[in-house]
file target-v5.txt (compact mmCIF, C-alpha atoms (C1' of nucleotides))
# COMPACT_ATOMS: atom_id res chain seq x y z
CA MET M 12 0.00 0.00 0.00
CA ALA M 13 2.19 2.80 1.25
CA SER M 14 5.29 2.93 -0.90
CA VAL M 15 8.71 3.11 0.69
CA GLU M 16 9.04 6.54 -0.87
CA PHE M 17 5.93 7.67 0.91
CA SER M 18 7.08 6.45 4.31
CA LYS M 19 10.42 8.10 3.84
CA VAL M 20 8.87 11.46 3.16
CA LEU M 21 6.32 11.03 5.92
CA ASN M 22 9.01 10.18 8.47
CA PHE M 23 11.01 13.16 7.33
CA PHE M 24 8.08 15.43 8.10
CA LYS M 25 7.33 13.67 11.35
CA ALA M 26 10.93 14.10 12.44
CA LEU M 27 10.85 17.85 11.89
CA SER M 28 7.31 18.53 13.07
CA ASP M 29 8.28 18.97 16.68
CA GLU M 30 9.34 22.30 18.11
CA SER M 31 12.25 20.91 20.08
CA ARG M 32 13.58 18.85 17.22
CA LEU M 33 13.38 21.76 14.81
CA LYS M 34 15.35 23.85 17.29
CA ILE M 35 17.91 21.11 17.61
CA VAL M 36 18.36 21.11 13.86
CA GLY M 37 18.69 24.88 14.04
CA ALA M 38 21.33 24.63 16.72
CA LEU M 39 23.25 22.00 14.78
CA ALA M 40 23.09 24.07 11.61
CA SER M 41 25.85 26.32 12.87
CA ASN M 42 27.81 23.87 14.99
CA GLU M 43 28.13 20.31 16.10
CA ARG M 44 27.04 20.02 19.73
CA SER M 45 26.93 17.60 22.64
CA VAL M 46 23.75 16.37 24.27
CA GLU M 47 24.24 18.39 27.41
CA GLU M 48 25.01 21.46 25.37
CA LEU M 49 21.78 21.11 23.45
CA ALA M 50 19.89 20.49 26.67
CA THR M 51 21.17 23.76 28.07
CA LEU M 52 20.42 25.65 24.85
CA LEU M 53 16.87 24.40 24.63
CA GLU M 54 16.22 24.37 28.37
CA LEU M 55 15.34 20.70 28.34
CA LYS M 56 16.63 17.74 30.31
CA ALA M 57 19.27 15.53 28.74
CA PRO M 58 17.03 12.45 28.36
CA THR M 59 14.55 14.50 26.37
CA VAL M 60 17.24 15.73 24.02
CA SER M 61 18.63 12.24 23.72
CA HIS M 62 15.20 11.00 22.73
CA HIS M 63 14.88 13.64 20.03
CA LEU M 64 18.35 13.02 18.69
CA ALA M 65 17.53 9.34 18.40
CA LYS M 66 14.55 10.20 16.22
CA LEU M 67 16.54 12.54 14.02
CA LYS M 68 19.27 9.93 13.72
CA GLU M 69 16.72 7.30 12.72
CA VAL M 70 15.77 9.26 9.62
CA GLY M 71 19.40 10.08 8.90
CA LEU M 72 19.19 13.81 9.46
CA VAL M 73 21.89 13.81 12.13
CA ASP M 74 24.83 11.62 12.97
CA MET M 75 27.09 11.29 15.97
CA ARG M 76 30.68 10.82 16.93
CA SER M 77 31.94 9.93 20.38
CA GLU M 78 34.61 11.83 22.23
CA GLY M 79 35.16 10.14 25.53
CA THR M 80 31.75 9.76 27.08
CA THR M 81 30.53 12.81 25.24
CA HIS M 82 28.40 12.24 22.15
CA ILE M 83 28.75 15.00 19.64
CA TYR M 84 25.96 15.31 17.10
CA HIS M 85 26.05 17.00 13.74
CA LEU M 86 23.66 17.57 10.85
CA VAL M 87 23.81 15.40 7.75
CA MET M 88 23.16 18.06 5.18
CA SER M 89 23.17 15.69 2.22
CA GLU M 90 20.16 13.88 3.65
CA MET M 91 18.49 17.18 4.46
CA ARG M 92 18.90 18.37 0.91
CA SER M 93 17.93 15.10 -0.70
CA LEU M 94 14.71 14.86 1.24
CA ALA M 95 13.75 18.49 0.81
CA LYS M 96 14.35 18.17 -2.90
CA ARG M 97 12.09 15.17 -3.08
CA VAL M 98 9.33 17.14 -1.39
CA LEU M 99 9.59 19.79 -4.07
CA SER M 100 8.76 17.31 -6.77
CA LEU M 101 5.18 17.01 -7.88
CA ASP M 102 5.93 13.66 -9.44
CA THR M 103 6.89 12.29 -6.08
CA MET M 104 3.74 13.49 -4.45
CA GLU M 105 1.52 12.06 -7.10
CA THR M 106 2.74 8.60 -6.28
CA PHE M 107 1.49 9.00 -2.72
CA THR M 108 -2.01 8.06 -3.64
CA GLU M 109 -1.61 5.33 -6.14
CA GLU M 110 -3.37 5.53 -9.44
CA VAL M 111 -5.17 2.31 -8.70
CA VAL M 112 -7.00 4.04 -5.95
CA ALA M 113 -7.72 6.98 -8.20
CA ASP M 114 -10.75 5.24 -9.71
CA ALA M 115 -12.13 3.99 -6.42
CA TRP M 116 -14.38 6.99 -6.22
CA GLU M 117 -15.79 6.50 -9.69
CA ARG M 118 -16.38 2.82 -9.13
CA LYS M 119 -18.21 3.58 -5.92
CA ILE M 120 -20.47 6.06 -7.65
CA LEU M 121 -21.28 3.68 -10.43
CA GLY M 122 -22.10 1.03 -7.87
CA ASP M 123 -24.33 3.48 -6.03
CA PHE M 124 -26.30 4.63 -9.03
CA PHE M 125 -26.58 1.58 -11.20
CA VAL M 126 -28.54 -1.61 -10.77
CA GLY M 127 -27.11 -3.76 -13.52
CA GLN M 128 -27.38 -1.63 -16.66
CA LYS M 129 -30.18 0.50 -15.26
CA LEU M 130 -29.41 3.94 -13.92
CA LYS M 131 -31.51 4.33 -10.77
CA GLU M 132 -31.51 8.12 -10.94
CA ILE M 133 -29.51 10.97 -12.38
CA PRO M 134 -27.07 12.18 -9.71
CA ALA M 135 -27.75 15.72 -8.54
CA SER M 136 -24.13 16.64 -7.89
CA ARG M 137 -22.16 17.69 -10.92
CA LYS M 138 -19.17 15.54 -10.00
CA LYS M 139 -21.21 12.37 -9.68
CA ARG M 140 -23.26 13.13 -12.74
CA GLU M 141 -20.06 13.47 -14.70
CA VAL M 142 -18.99 9.99 -13.69
CA VAL M 143 -22.26 8.54 -14.88
CA LEU M 144 -22.01 10.48 -18.12
CA ARG M 145 -18.52 9.19 -18.78
CA TRP M 146 -19.85 5.69 -18.28
CA LEU M 147 -22.75 6.37 -20.62
CA VAL M 148 -20.62 7.71 -23.42
CA GLU M 149 -18.73 4.44 -23.43
CA ARG M 150 -21.90 2.85 -24.90
CA PHE M 151 -21.15 4.74 -28.11
CA ASN M 152 -18.50 3.78 -30.63
CA SER M 153 -15.76 6.29 -31.23
CA GLY M 154 -15.87 7.48 -34.81
CA LYS M 155 -19.36 6.23 -35.53
CA ARG M 156 -22.12 8.75 -36.30
CA TYR M 157 -25.57 8.53 -34.74
CA THR M 158 -28.96 10.06 -35.49
CA GLU M 159 -30.82 11.58 -32.54
CA LYS M 160 -33.21 8.60 -32.58
CA GLU M 161 -30.29 6.18 -32.23
CA VAL M 162 -28.80 8.22 -29.41
CA ASN M 163 -32.12 8.27 -27.59
CA ALA M 164 -32.45 4.51 -27.99
CA ILE M 165 -29.01 3.79 -26.58
CA ILE M 166 -29.45 6.08 -23.60
CA GLY M 167 -33.00 4.89 -23.14
CA LYS M 168 -31.75 1.39 -22.41
CA HIS M 169 -30.30 2.76 -19.18
CA HIS M 170 -32.69 5.47 -18.10
CA PRO M 171 -36.12 6.75 -19.28
CA ASP M 172 -35.13 10.42 -19.31
CA PHE M 173 -32.95 10.13 -22.43
CA ALA M 174 -33.54 13.76 -23.38
CA THR M 175 -31.96 15.17 -20.26
CA LEU M 176 -29.06 12.79 -20.44
CA ARG M 177 -28.45 13.52 -24.10
CA ARG M 178 -28.35 17.22 -23.39
CA GLU M 179 -25.98 16.63 -20.48
CA LEU M 180 -23.66 14.60 -22.69
CA ILE M 181 -23.42 17.46 -25.13
CA CYS M 182 -23.00 19.97 -22.32
CA ALA M 183 -20.19 17.91 -20.85
CA LYS M 184 -18.63 17.83 -24.34
CA LEU M 185 -18.61 14.05 -24.31
CA LEU M 186 -20.84 13.98 -27.39
CA ALA M 187 -20.77 16.50 -30.19
CA ARG M 188 -23.67 17.36 -32.49
CA GLU M 189 -23.98 18.99 -35.87
CA SER M 190 -27.25 19.26 -37.85
CA GLY M 191 -28.92 16.34 -36.11
CA ILE M 192 -25.91 14.00 -36.21
CA TYR M 193 -24.08 12.95 -33.00
CA TRP M 194 -20.61 11.48 -32.41
CA ARG M 195 -18.14 10.90 -29.61
CA THR M 196 -15.56 13.60 -29.12
CA MET A 29 11.17 34.04 21.49
CA ALA A 30 10.15 31.94 18.54
CA SER A 31 10.47 34.02 15.41
CA VAL A 32 7.59 34.17 12.95
CA GLU A 33 9.86 32.42 10.47
CA PHE A 34 10.35 29.57 12.87
CA SER A 35 6.63 29.10 13.47
CA LYS A 36 5.95 29.19 9.77
CA VAL A 37 8.38 26.39 9.06
CA LEU A 38 7.25 24.41 12.09
CA ASN A 39 3.61 24.64 11.05
CA PHE A 40 4.55 23.59 7.56
CA PHE A 41 6.12 20.42 8.91
CA LYS A 42 3.27 19.82 11.33
CA ALA A 43 0.80 20.13 8.47
CA LEU A 44 2.54 17.46 6.43
CA SER A 45 3.54 15.13 9.25
CA ASP A 46 0.30 13.19 9.18
CA GLU A 47 -0.26 10.21 6.93
CA SER A 48 -3.73 11.25 5.85
CA ARG A 49 -2.76 14.82 5.12
CA LEU A 50 0.25 13.74 3.10
CA LYS A 51 -2.00 11.47 1.07
CA ILE A 52 -4.43 14.31 0.55
CA VAL A 53 -1.62 16.42 -0.82
CA GLY A 54 -0.66 13.52 -3.03
CA ALA A 55 -4.21 13.18 -4.32
CA LEU A 56 -4.46 16.90 -4.99
CA ALA A 57 -1.14 16.91 -6.81
CA SER A 58 -2.75 15.42 -9.88
CA ASN A 59 -6.24 16.87 -9.60
CA GLU A 60 -8.50 19.17 -7.68
CA ARG A 61 -10.99 17.13 -5.66
CA SER A 62 -14.08 17.47 -3.49
CA VAL A 63 -14.25 16.50 0.17
CA GLU A 64 -16.36 13.43 -0.48
CA GLU A 65 -14.07 12.37 -3.28
CA LEU A 66 -11.06 12.55 -0.99
CA ALA A 67 -12.93 10.70 1.72
CA THR A 68 -13.58 7.84 -0.68
CA LEU A 69 -10.01 7.81 -1.92
CA LEU A 70 -8.50 7.71 1.55
CA GLU A 71 -11.22 5.55 3.08
CA LEU A 72 -11.99 8.12 5.73
CA LYS A 73 -15.19 9.82 6.81
CA ALA A 74 -15.94 13.25 5.39
CA PRO A 75 -15.56 15.10 8.71
CA THR A 76 -12.06 13.73 9.12
CA VAL A 77 -11.07 14.90 5.67
CA SER A 78 -12.67 18.25 6.31
CA HIS A 79 -10.62 18.58 9.46
CA HIS A 80 -7.39 17.85 7.58
CA LEU A 81 -8.22 20.20 4.75
CA ALA A 82 -8.82 22.96 7.30
CA LYS A 83 -5.31 22.42 8.65
CA LEU A 84 -3.74 22.43 5.21
CA LYS A 85 -5.69 25.54 4.31
CA GLU A 86 -4.52 27.25 7.48
CA VAL A 87 -0.90 27.04 6.38
CA GLY A 88 -1.81 28.00 2.84
CA LEU A 89 -0.94 24.71 1.18
CA VAL A 90 -4.41 24.24 -0.27
CA ASP A 91 -7.27 26.50 -1.25
CA MET A 92 -10.90 25.94 -2.07
CA ARG A 93 -13.61 26.99 -4.46
CA SER A 94 -17.30 26.29 -4.07
CA GLU A 95 -19.47 24.77 -6.73
CA GLY A 96 -22.96 24.49 -5.39
CA THR A 97 -22.68 22.78 -2.05
CA THR A 98 -19.55 21.00 -3.19
CA HIS A 99 -16.23 22.37 -2.00
CA ILE A 100 -13.43 21.67 -4.41
CA TYR A 101 -9.92 21.83 -3.00
CA HIS A 102 -6.68 22.31 -4.88
CA LEU A 103 -2.98 22.56 -4.03
CA VAL A 104 -1.28 25.94 -3.83
CA MET A 105 2.00 24.98 -5.40
CA SER A 106 3.60 28.37 -4.96
CA GLU A 107 3.29 28.02 -1.20
CA MET A 108 4.55 24.48 -1.37
CA ARG A 109 7.61 25.55 -3.28
CA SER A 110 8.29 28.61 -1.21
CA LEU A 111 8.20 26.70 2.05
CA ALA A 112 10.20 23.75 0.81
CA LYS A 113 12.82 26.12 -0.53
CA ARG A 114 13.07 27.84 2.81
CA VAL A 115 13.73 24.52 4.48
CA LEU A 116 16.67 23.94 2.18
CA SER A 117 18.41 27.04 3.42
CA LEU A 118 20.97 26.66 6.19
CA ASP A 119 20.73 30.36 6.92
CA THR A 120 17.07 29.99 7.73
CA MET A 121 17.67 27.14 10.09
CA GLU A 122 20.40 28.91 11.95
CA THR A 123 17.98 31.59 12.99
CA PHE A 124 15.87 28.95 14.75
CA THR A 125 17.98 28.98 17.83
CA GLU A 126 18.80 32.60 18.30
CA GLU A 127 22.37 33.69 18.79
CA VAL A 128 21.49 35.18 22.13
CA VAL A 129 20.82 31.73 23.42
CA ALA A 130 24.02 30.48 21.87
CA ASP A 131 26.06 31.70 24.84
CA ALA A 132 23.67 30.40 27.47
CA TRP A 133 25.65 27.20 27.72
CA GLU A 134 28.94 28.99 28.25
CA ARG A 135 27.49 31.31 30.85
CA LYS A 136 26.08 28.37 32.73
CA ILE A 137 29.44 26.62 32.79
CA LEU A 138 31.21 29.72 34.03
CA GLY A 139 28.60 30.06 36.75
CA ASP A 140 29.07 26.43 37.69
CA PHE A 141 32.85 26.47 37.91
CA PHE A 142 33.64 29.91 39.24
CA VAL A 143 33.11 31.47 42.63
CA GLY A 144 33.86 35.10 41.94
CA GLN A 145 37.26 35.08 40.24
CA LYS A 146 38.23 31.72 41.71
CA LEU A 147 38.01 28.59 39.57
CA LYS A 148 36.62 25.85 41.84
CA GLU A 149 38.08 23.04 39.76
CA ILE A 150 39.28 22.31 36.27
CA PRO A 151 36.39 20.77 34.32
CA ALA A 152 37.04 17.20 33.27
CA SER A 153 35.08 17.37 30.03
CA ARG A 154 36.91 18.86 27.09
CA LYS A 155 33.99 21.05 26.07
CA LYS A 156 33.61 22.61 29.50
CA ARG A 157 37.33 23.00 29.96
CA GLU A 158 37.47 24.89 26.72
CA VAL A 159 34.91 27.38 27.95
CA VAL A 160 36.94 28.02 31.08
CA LEU A 161 40.11 28.38 29.05
CA ARG A 162 38.50 30.93 26.76
CA TRP A 163 37.48 32.88 29.83
CA LEU A 164 41.02 32.65 31.23
CA VAL A 165 42.72 33.84 28.08
CA GLU A 166 40.67 37.02 28.30
CA ARG A 167 42.81 37.95 31.35
CA PHE A 168 45.71 38.49 28.95
CA ASN A 169 46.12 41.50 26.70
CA SER A 170 46.16 40.85 22.99
CA GLY A 171 49.53 41.78 21.53
CA LYS A 172 51.34 41.98 24.84
CA ARG A 173 54.17 39.49 25.52
CA TYR A 174 54.50 37.66 28.83
CA THR A 175 57.24 35.70 30.55
CA GLU A 176 56.31 32.32 31.96
CA LYS A 177 56.44 33.79 35.48
CA GLU A 178 53.92 36.47 34.52
CA VAL A 179 51.66 33.89 32.92
CA ASN A 180 51.78 31.73 36.04
CA ALA A 181 50.97 34.70 38.22
CA ILE A 182 47.93 35.70 36.19
CA ILE A 183 46.54 32.17 36.05
CA GLY A 184 47.46 31.62 39.71
CA LYS A 185 45.02 34.35 40.73
CA HIS A 186 42.21 32.05 39.59
CA HIS A 187 43.47 28.55 40.37
CA PRO A 188 46.49 27.02 42.16
CA ASP A 189 47.36 24.57 39.38
CA PHE A 190 48.69 27.22 37.00
CA ALA A 191 51.04 24.74 35.31
CA THR A 192 48.27 22.50 34.05
CA LEU A 193 46.16 25.42 32.92
CA ARG A 194 49.08 27.05 31.14
CA ARG A 195 49.75 23.87 29.25
CA GLU A 196 46.07 23.56 28.37
CA LEU A 197 45.98 27.11 27.03
CA ILE A 198 48.85 26.32 24.72
CA CYS A 199 47.31 23.03 23.73
CA ALA A 200 44.01 24.76 22.91
CA LYS A 201 46.02 27.25 20.83
CA LEU A 202 44.68 30.14 22.84
CA LEU A 203 48.18 31.10 23.92
CA ALA A 204 51.32 30.72 21.83
CA ARG A 205 54.86 30.29 23.12
CA GLU A 206 58.32 30.73 21.68
CA SER A 207 61.56 30.49 23.67
CA GLY A 208 59.95 31.21 27.03
CA ILE A 209 57.74 34.10 25.79
CA TYR A 210 53.92 33.82 25.67
CA TRP A 211 51.27 35.81 23.81
CA ARG A 212 47.62 35.59 22.83
CA THR A 213 46.92 34.12 19.44
C1' DC E 22 38.83 -1.76 40.23
C1' DG E 23 36.14 2.29 42.19
C1' DA E 24 34.50 7.04 41.63
C1' DG E 25 32.77 10.38 38.58
C1' DT E 26 30.54 12.10 34.47
C1' DA E 27 27.77 11.91 29.93
C1' DT E 28 24.46 9.41 27.80
C1' DT E 29 20.83 6.36 27.14
C1' DT E 30 16.95 3.44 28.70
C1' DT E 31 12.86 2.69 31.36
C1' DG E 32 8.57 3.89 33.25
C1' DA E 33 5.12 7.27 34.38
C1' DT E 34 2.33 11.21 33.21
C1' DA E 35 0.17 14.52 30.63
C1' DT E 36 -0.95 16.69 26.44
C1' DA E 37 -1.89 16.79 21.51
C1' DC E 38 -4.58 15.22 18.03
C1' DA E 39 -6.70 11.78 14.49
C1' DT E 40 -10.89 9.75 14.01
C1' DC E 41 -15.59 8.81 14.53
C1' DT E 42 -20.79 9.83 15.31
C1' DA E 43 -24.28 13.14 15.83
C1' DA E 44 -25.87 17.63 15.17
C1' DT E 45 -25.69 21.88 12.44
C1' DT E 46 -25.14 24.91 8.49
C1' DA E 47 -25.62 26.08 3.58
C1' DG E 48 -26.99 25.48 -1.14
C1' DA E 49 -30.02 23.43 -4.59
C1' DT E 50 -34.40 21.36 -6.15
C1' DG E 51 -38.98 20.48 -6.63
C1' DC R 7 -41.24 26.12 2.19
C1' DA R 8 -39.77 21.13 2.73
C1' DT R 9 -36.38 18.15 1.35
C1' DC R 10 -32.01 16.50 -0.07
C1' DT R 11 -27.13 16.57 -0.38
C1' DA R 12 -22.36 18.29 0.86
C1' DA R 13 -19.74 20.23 4.19
C1' DT R 14 -18.60 21.72 8.58
C1' DT R 15 -18.76 21.94 13.65
C1' DA R 16 -19.19 19.84 18.27
C1' DG R 17 -18.33 16.35 21.36
C1' DA R 18 -16.29 11.89 22.64
C1' DT R 19 -12.68 8.50 22.54
C1' DG R 20 -8.43 6.39 21.85
C1' DT R 21 -3.69 6.55 20.43
C1' DA R 22 0.74 8.75 19.93
C1' DT R 23 4.27 11.04 21.97
C1' DA R 24 6.91 14.93 24.54
C1' DT R 25 8.66 15.36 28.87
C1' DC R 26 10.67 14.24 33.20
C1' DA R 27 12.77 11.48 37.19
C1' DA R 28 15.12 7.41 38.28
C1' DA R 29 17.83 3.56 36.95
C1' DA R 30 21.10 1.47 33.89
C1' DT R 31 25.14 1.80 30.70
C1' DA R 32 29.54 3.44 28.91
C1' DC R 33 33.75 5.64 29.28
C1' DT R 34 37.74 7.93 31.91
C1' DC R 35 40.97 8.47 35.36
C1' DG R 36 43.38 7.77 39.50
call {"tool": "encode", "arguments": {"input": "target-v5.txt", "output": "structure tokens"}}
result
Amino acid sequence: MASVEFSKVLNFFKALSDESRLKIVGALASNERSVEELATLLELKAPTVSHHLAKLKEVGLVDMRSEGTTHIYHLVMSEMRSLAKRVLSLDTMETFTEEVVADAWERKILGDFFVGQKLKEIPASRKKREVVLRWLVERFNSGKRYTEKEVNAIIGKHHPDFATLRRELICAKLLARESGIYWRT
Amino acid sequence: MASVEFSKVLNFFKALSDESRLKIVGALASNERSVEELATLLELKAPTVSHHLAKLKEVGLVDMRSEGTTHIYHLVMSEMRSLAKRVLSLDTMETFTEEVVADAWERKILGDFFVGQKLKEIPASRKKREVVLRWLVERFNSGKRYTEKEVNAIIGKHHPDFATLRRELICAKLLARESGIYWRT
DNA sequence: CGAGTATTTTGATATACATCTAATTAGATG
DNA sequence: CATCTAATTAGATGTATATCAAAATACTCG
């Protein structure tokens, strides 16, 4: 379900969505610093800072080197940049909700409004109506030309009010008409 | 305390640090969508989605237009880009922990280890010792040259173990020495 | 090895907030 | 105006997690 890319970006945001952690990153931006040092700067206890640093380390935004018993943390700018760059990309974001799911809505609507081939009623909302219309227009062959009678017959198989639906199809630019002849756009 | 810049960036991260909201952004990346549509896509109830959209709108990442009773939301890419760009900047981050606070740590150490002008003990940790040494070197005039006896006397006013401290000052490159003569670097 | 210091881990507490249902508001339709 | 649909708001509940104190671990030095 959730791609690895998605989790990575989500964890990046989670890591930086805390006031203390963002301040830690700020403090490390100018200098590497020890835990106690950060605790003093942020007016927090050492265990709290340690906890935050662990989270930042988990997503690779900071790293540590030991000097005696002192642990000195520093930013990993490459990771910072790489993640921020990814966020900038529309392409990346689009993958967050997979295309498969993209039709879930339409399928639901069709399920709601159809019993077999019969349209129960014409949806009131424009969005839903559009889904039904796109389904309807599939009953027509691309390229083929239809008289109004033929159009009415085809639509009529699915709902009695063929006139309204025909008009809607034109309005939605799914069908085109010229001097009594209809065709798919 | 917290600059407006800081809050802006923090709220940006907070807004995107939730799985559902990140998916919403993903869904809106390819298309504008209604509340109900998003609810179907994410398998959430409409009120939940509404709640998330309100948060995203608050930070300016999405905006809305009404069409009948339907509210259609869309991404505000300019805001997205502007905020993400800001995050990339080291300069921005450095302002998160203000410079004023930057000395808090050093002041605390000095308070901990000094009683008046007297150094209670030489800090064991390198970091703390360095702070004390930087304070000590301030007792010397820049440019002036000192004999070892003079150096010992000055340091001796603050702590009996002038020999250790003198060596440390050299080692930390705060004082320089050549043929028995010392000066500030 | 024993004492001291820096850090981390553990456990407890409190707050923030994602989610849901139910109730309300607002627009459209007949 | 009554009704229907879409959205939002209010209220309730459960989960996640920031924080701290206390205990455990790791390293240094005499």
call {"tool": "interface_residues", "arguments": {"input": "target-v5.txt", "of": "chain R", "to": "chain A", "cutoff": "12 Å", "atoms": "only C-alpha atoms (C1' of nucleotides)", "output": "ChimeraX atom specification"}}
result
/R:10-16,22,33-35
call {"tool": "closest_atom_pairs", "arguments": {"input": "target-v5.txt", "of": "chain M", "to": "chain A", "cutoff": "7 Å", "atoms": "all atoms listed in the file", "output": "tab-separated table"}}
result
residue	atom	partner	partner_atom	distance
M:Leu21	CA	A:Ser45	CA	6.0
M:Phe24	CA	A:Ser45	CA	4.7
M:Lys25	CA	A:Ser45	CA	4.6
M:Leu27	CA	A:Phe41	CA	6.2
M:Ser28	CA	A:Lys42	CA	4.6
M:Glu30	CA	A:Leu38	CA	6.7
M:Lys34	CA	A:Phe124	CA	5.7
M:Gly37	CA	A:Met121	CA	4.7
M:Ala38	CA	A:Thr125	CA	5.6
M:Ala40	CA	A:Glu122	CA	5.5
M:Ser41	CA	A:Glu122	CA	6.1
M:Glu48	CA	A:Trp133	CA	6.2
M:Thr51	CA	A:Trp133	CA	5.7
M:Leu52	CA	A:Trp133	CA	6.2
M:Arg92	CA	A:Leu116	CA	6.1
M:Ala95	CA	A:Leu116	CA	6.3
M:Leu99	CA	A:Arg109	CA	6.1
M:Leu101	CA	A:Ala57	CA	6.4
M:Met104	CA	A:Gly54	CA	4.6
M:Glu105	CA	A:Gly54	CA	4.8
M:Thr106	CA	A:Gly54	CA	6.8
M:Phe107	CA	A:Gly54	CA	5.0
M:Thr108	CA	A:Ala55	CA	5.6
M:Val112	CA	A:Leu69	CA	6.3
M:Ala113	CA	A:Leu69	CA	6.7
M:Ala115	CA	A:Leu69	CA	6.3
M:Trp116	CA	A:Thr68	CA	5.7
call {"tool": "write_last_selection", "arguments": {"input": "target-v5.txt", "atoms": "C-alpha atoms", "output": "short mmCIF file (atom, residue, chain, number, x, y, z; two decimals), in the coordinates of the input"}}
result
data_model
loop_
_atom_site.label_atom_id
_atom_site.label_comp_id
_atom_site.auth_asym_id
_atom_site.auth_seq_id
_atom_site.Cartn_x
_atom_site.Cartn_y
_atom_site.Cartn_z
CA LEU M 21 6.32 11.03 5.92
CA PHE M 24 8.08 15.43 8.10
CA LYS M 25 7.33 13.67 11.35
CA LEU M 27 10.85 17.85 11.89
CA SER M 28 7.31 18.53 13.07
CA GLU M 30 9.34 22.30 18.11
CA LYS M 34 15.35 23.85 17.29
CA GLY M 37 18.69 24.88 14.04
CA ALA M 38 21.33 24.63 16.72
CA ALA M 40 23.09 24.07 11.61
CA SER M 41 25.85 26.32 12.87
CA GLU M 48 25.01 21.46 25.37
CA THR M 51 21.17 23.76 28.07
CA LEU M 52 20.42 25.65 24.85
CA ARG M 92 18.90 18.37 0.91
CA ALA M 95 13.75 18.49 0.81
CA LEU M 99 9.59 19.79 -4.07
CA LEU M 101 5.18 17.01 -7.88
CA MET M 104 3.74 13.49 -4.45
CA GLU M 105 1.52 12.06 -7.10
CA THR M 106 2.74 8.60 -6.28
CA PHE M 107 1.49 9.00 -2.72
CA THR M 108 -2.01 8.06 -3.64
CA VAL M 112 -7.00 4.04 -5.95
CA ALA M 113 -7.72 6.98 -8.20
CA ALA M 115 -12.13 3.99 -6.42
CA TRP M 116 -14.38 6.99 -6.22
#
call {"tool": "closest_residue", "arguments": {"input": "target-v5.txt", "among": "A:Ile183, A:Val165, A:Val77, A:Leu202", "to": "chain E", "atoms": "all atoms listed in the file"}}
result
A:Val77
call {"tool": "interface_residues", "arguments": {"input": "target-v5.txt", "of": "chain E", "to": "chain M", "cutoff": "8 Å", "atoms": "all atoms listed in the file", "output": "short mmCIF file (atom, residue, chain, number, x, y, z; two decimals) with C-alpha atoms (C1' of nucleotides), in the frame of the given file"}}
result
data_model
loop_
_atom_site.label_atom_id
_atom_site.label_comp_id
_atom_site.auth_asym_id
_atom_site.auth_seq_id
_atom_site.Cartn_x
_atom_site.Cartn_y
_atom_site.Cartn_z
"C1'" DT E 26 30.54 12.10 34.47
"C1'" DA E 27 27.77 11.91 29.93
"C1'" DT E 28 24.46 9.41 27.80
"C1'" DT E 29 20.83 6.36 27.14
#
call {"tool": "residues_near_point", "arguments": {"input": "target-v5.txt", "point": "(46.7, 22.4, 29.3)", "cutoff": "12 Å", "atoms": "all atoms listed in the file", "output": "list in words"}}
result
Ile150, Pro151, Ala152, Arg154, Arg157, Glu158, Val160, Leu161, Leu164, Ile183, Asp189, Phe190, Ala191, Thr192, Leu193, Arg194, Arg195, Glu196, Leu197, Ile198, Cys199, Ala200, Lys201, Leu202 and Leu203 of chain A
call {"tool": "residues_around", "arguments": {"input": "target-v5.txt", "residues": "region 128-130 of chain M", "least_positions_apart": "6", "cutoff": "9 Å", "atoms": "only C-alpha atoms (C1' of nucleotides)", "output": "ChimeraX atom specification"}}
result
/M:121,143,168-170
call {"tool": "atom_distance", "arguments": {"input": "target-v5.txt", "atom1": "C1' of DA39 (chain E)", "atom2": "C1' of DA24 (chain R)"}}
result
17.2 Å
call {"tool": "atom_distance", "arguments": {"input": "target-v5.txt", "atom1": "CA of Arg167 (chain A)", "atom2": "CA of Ile182 (chain A)"}}
result
7.4 Å
call {"tool": "residues_near_point", "arguments": {"input": "target-v5.txt", "point": "(45.0, 37.4, 20.7)", "cutoff": "7 Å", "atoms": "all atoms listed in the file", "output": "PyMOL selection string"}}
result
chain A and resi 170-171+212-213
call {"tool": "residues_around", "arguments": {"input": "target-v5.txt", "residues": "DT40 (chain E)", "least_positions_apart": "6", "cutoff": "9 Å", "atoms": "only C-alpha atoms (C1' of nucleotides)", "output": "short mmCIF file (atom, residue, chain, number, x, y, z; two decimals) with C-alpha atoms (C1' of nucleotides), in the frame of the given file"}}
result
data_model
loop_
_atom_site.label_atom_id
_atom_site.label_comp_id
_atom_site.auth_asym_id
_atom_site.auth_seq_id
_atom_site.Cartn_x
_atom_site.Cartn_y
_atom_site.Cartn_z
CA LEU A 72 -11.99 8.12 5.73
CA LYS A 73 -15.19 9.82 6.81
CA PRO A 75 -15.56 15.10 8.71
CA THR A 76 -12.06 13.73 9.12
"C1'" DT R 19 -12.68 8.50 22.54
"C1'" DG R 20 -8.43 6.39 21.85
#
